[in-house]
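**Student:** Could you have a look at this structure, given as structure tokens, before my questions?
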Amino acid sequence: MIGAIEKQKLVFIMNRDSQARLTISSPLEAHKANTFLYNVVGVDVGFENPLFACLEMDYEEADNDPTGEAAQKSQQSLTFYELDLGLNHVVRKFTETLEERANFLIAVPGGNDGPSGILICSENYITYKNLGEQPDVRAPIPRRRHDLEDPDRGMMFVTYTAHKTKALFFFLLQTEQGDIFKVTLTSDEDMVTEIKMKYLDTIPVASSLCVLRTGFLFVACEFGNHRLYQIAHLGDADDEPEFSSNTPVEEGDTFYFRPREAKNLLMVDELQSLSPIMHCKILDLANEDTPQFYTACGTSARSTLRVLRHGLEVTEMAVSELPGNPNAVWTVRKHGDDKFDAYIVVSFVNATLVLSIGETVEEVADSGFLGTTPTIACSLLGDDALIQVYPEGIRHIRADKRVNEWKSPGKRTITKCAINERQLVISLTGGELVYFEMDQTGQLNEYTERKEMQSDVSCMALGEVPPGEARSRFLAVGLEDNTVRLLSLDPQDCLSPLSLQALPAPAESLNIVELGSKDFRRESSATSDTKERRGVLYLNIGLQNGVLLRSVLDPVTGDLSDTRTRYLGSRPVKLFRMTIQGNQAVLAVSSRAWLSYHYQNRFLLTPLSYETLEYASAFSSDQCPEGIVAIASNTLRILALDKLGTVFNETVTPLRYTPRKFVIHPTIGVMVTIETDHNAYTLEGKIQRKQEMARELLTTAEPTDQDMAKVLASEILRGDLNDVDFGAPKAGPGKWASCVRLVHPVAGKTLWVEDLPQNEAAFSVCLVKFLVRAEEEYFVLVGTAVDLQLNPRQLGGGGRLRTYRFVDDFQKLELMHVTPVDEVPHSIAAFQGRVAVAVGRSLRIYDLGKKKLLRKCESKQIPNMIVDIKTMGSRLYISDVSESVHFVKYKVKENVLSIFADDTFPRYITCSMPLDYNTIAIADKFGNFSVIRLPATVNEDHEDDPSSFWDRGLLNGASQKAESVCNFYLGETITSLQKATLIPGGSESVVYTTLSGRIGAFVPFTSREDQEFFQHLELHLRNEKPPLCGRDHLHYRSYYWPVKGVVDGDLCEQYNALDYAKQKEIAEELDRTPNEVAKKLEDIRNRYAF
């Protein structure tokens, strides 16, 4: 059964046809007019007619009663609907009015597994019901002992999961405080006689729970990171009290338990979630070339300030200093069948250091390597021989320690080399190539002819030897004349040229790798299913100007095609072959290290969030099966990559309350955040509440119970549950807790924090440089409200503007003065050396005074309430809570604020951002993103005559209107908009963050050709890749206003997920090849984002 919130309920019958394919019948109706549906579950009735239980409320009387009394008295009902399979018809079988308001139903296993029926979760109670003679079984929901929350506030279960085995079944239910209870039913001949509840543990409040058969519990948290717990115990053997429905308690009373540290559920993993992002700024405060995302996330005590960096998180396994500055490092195995590396070889300017890998890494002298010379390359050759290439020659070390040497002719030295397990190519001074290949006996033989190149060789690369073959077919050679040449290594045409690619700059490094295939060197079973393991052969070219080129290499002809370009950093790009999850990958080292790898059928190129590396090699040991050994200045580092596939890694700073906004000092980089929670206690408020409870306990206790009352009172005063683990107690409506915090975001530490008094809530913050102060000093303004009640909205103590200044070398803030205002200051913005403040629906301009801020100008023309102010030049862009944006001009001579234009649509604005002087991007609370622009004919000095009725303007607003340039329905409430350049050398885009934790970008088209191409691609994908649930894409993106001026990039990127025949069909319609379409998608992403 599928039910709408109102009226409609449809029943679908699912079957299988003769080919065992799923078939779905036409829906059967079970509609009921004037009815709200809260929840619906299928009742487990074994093989009887299907039965559905619905939690409903009839609102017909309430709708017809203008006094509202009927609405207050309205009650929910539990209704059972039966599908008669014989008549193919749905009938209402039974309905019953409920005493308490319920929020959801739980189906109890039936048939041979249990007694069937349902559990009703309502306020303060859980009730078991079933049809027939079964009496209701009702138990109160246990509460925390000495809880700071209002005892009259109801307690509810918010989510559940059921677990069923052949022998037993149980439910795990979670209260709105996060406490998990194990609920079991005791039955006697299919009649349930008792509900038992036992406190298990406390975890963050979840929107969904799932018990896995392997003994794990997945918690999809309402806010913050999702968690995976291992169920260590089910609470059967502990001394925790068990609560029973048979225990007599008076109506309104309940059971009490003591929350404690978790011992039954052990957290084993976390899944990163930014939900909800309250505010975000994108800046490069850490001077890392790529900007960081500073996001204020979470709610209440689990709030965090997260610094997101684009890149993979790197775990540092070991760091050791070396006796000098090395220039290269390699790892070598002793035998072809070895799982792990045996040696780390480090090359210096005039020496080579060999370290053995075991439980510890230490220097060895009997490896056979020549230590008195620098090394150009080294590797395992064949099954058990080692090879070392150094400037004067080649050293071939056999398994029995016999050494064969090849000396370079005359005064010529070896400059570059390429090596794999069977082949070796060296270049001598002057550009001469010498090719060696290993024969069946393990001897290294020189190919008779040498190849003279036209220019000096700058780099070379050989591919891996494919399984079952004797050699790699291709040699790539980078020359100083800005070309890369591909040579054949087949015996018939050895060292003959196959293809050439011209480069925009000299090549620094080359690498031939098969992405999407297994690493044959490290896979013992590589020969078993080689067809499944073959990927695409790529030639990666690292240039000296910091650019990486990636071309597809044809494995038959050696032709290069489909070249992709990516700027990596300011230093020349060096390339190293790696192994990631058994697959081949490439590490590119520039001013940042980047990893090019295949993960979950997607090709990814992601930077590593680590300092600059100079040289690297794949590393494998018992402790670190897939690592990287690298050198940075004079240190040797062993690194591991754990969280593959992630876009960001994060550093987290905990906060006390829900973060609302923050500002960052433009030169020092310190951050001022304001945190505010409704229905919460301050630290001082908590102490006062405990003292009240203790006093109340002592005064109400009988004289004979005074000793016990004193013990309990001291227990209340001592009790201090950690809000992060157990949730912050609810203080009640109209109670506010707030603080102002000074944070060093890069170091991730709090420098200073000030708690505001109970019920004073901070709503806005701004950094201002006042013209009246000659020195370059920034002041922090915080807008607060005192005794604000949300429903019905009223302000008991007025608003405040708190002015702070930085002291103690920017380590803390000092309060200068407080300015009272008559409404809530929802937004503050610096404006021409003064400050513009939104006080309710009034727009005011203040200047700095000695004892308070001085009001200079005021406008009361905004209709409802100002929620956002942005400024540019002499213009202010004022966002109203429900009437979109108003364009305001400040006339200096007259000292007047005049609205000269506004929007034609009513929009409930959440945030805005000016794109240029006449254009502003806005987002509303329903999930729409829009760009509005003033037409060229707008006169900002125009002013309506307020005395004239006919000159009131269009739609009772300003006489001049902005035009809508773009409309797009995103489906999530946008909380921040910002213009930012996300990658070095990239272009600006509009980056947004949403309440559910999404980060995305709107990127501008720079040419009409690009815009038409993506528009046509979107058109094809709407037809070829319809949504899973069949909803029309165009209708969805036009939910409030018709989509205009925006192409859905997420839909366009689904092109790569289509099968090749569909890709080819669409590409032909666009007069392109599938590779060209994929390249176009990759190019626009690389130009603006990650």
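Note on naming: chains are A, B, ... as they come in the structure tokens, residues start from 1 per chain, ligands start from 1 in the order shown.
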Which parts of segment 405-634 of chain A does DSSP call strand (DSSP E) when run on the backbone here, written out as a PyMOL selection string?

**Tutor:** chain A and resi 405-407+414-419+423-428+432-438+444-446+451-452+457-462+474-479+483-488+497-502+507-515+536-543+547-553+560-567+574-580+583-589+593-599+602-607+615-619+627-632

**Student:** Compile the contact shell of Thr214 of chain A as a list in words: residues with an atom at most 12 Å away, counting only C-alpha atoms, same-chain residues fewer than 5 positions apart removed.

**Tutor:**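 Those residues are His163, Tyr229, Gln230, Ile231 and Ala232 of chain A.
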
**Student:** What are the DSSP alpha helix (DSSP H) residues of segment 536-757 of chain A, as an MDAnalysis selection string?

**Tutor:** chainID A and resid 683:700 706:718 723:726

**Student:** Which is closer to Ser25 of chain A than all the others in A:Phe223, A:Leu266, A:Val11, A:Glu858, using only C-alpha atoms?

**Tutor:**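 Checking each of A:Phe223, A:Leu266, A:Val11, A:Glu858 against Ser25 of chain A, counting only C-alpha atoms, the winner is A:Val11.
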
**Student:** Identify, on the basis of only C-alpha atoms, every residue whose closest approach to Cys417 of chain A does not exceed 12 Å; exclude the query and any residue fewer than 2 positions from it along the same chain; express the result as a PyMOL selection string.

**Tutor:** chain A and resi 375-379+387-391+393-394+413-415+419-420+423-429+431-436+457-462+475-478+509-510

**Student:** Mind giving me the straight-line distance from atom CA of Lys196 of chain A to atom CA of Asn722 of chain A in Å, one decimal?

**Tutor:**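 That distance, rounded to one decimal, is 27.9 Å.
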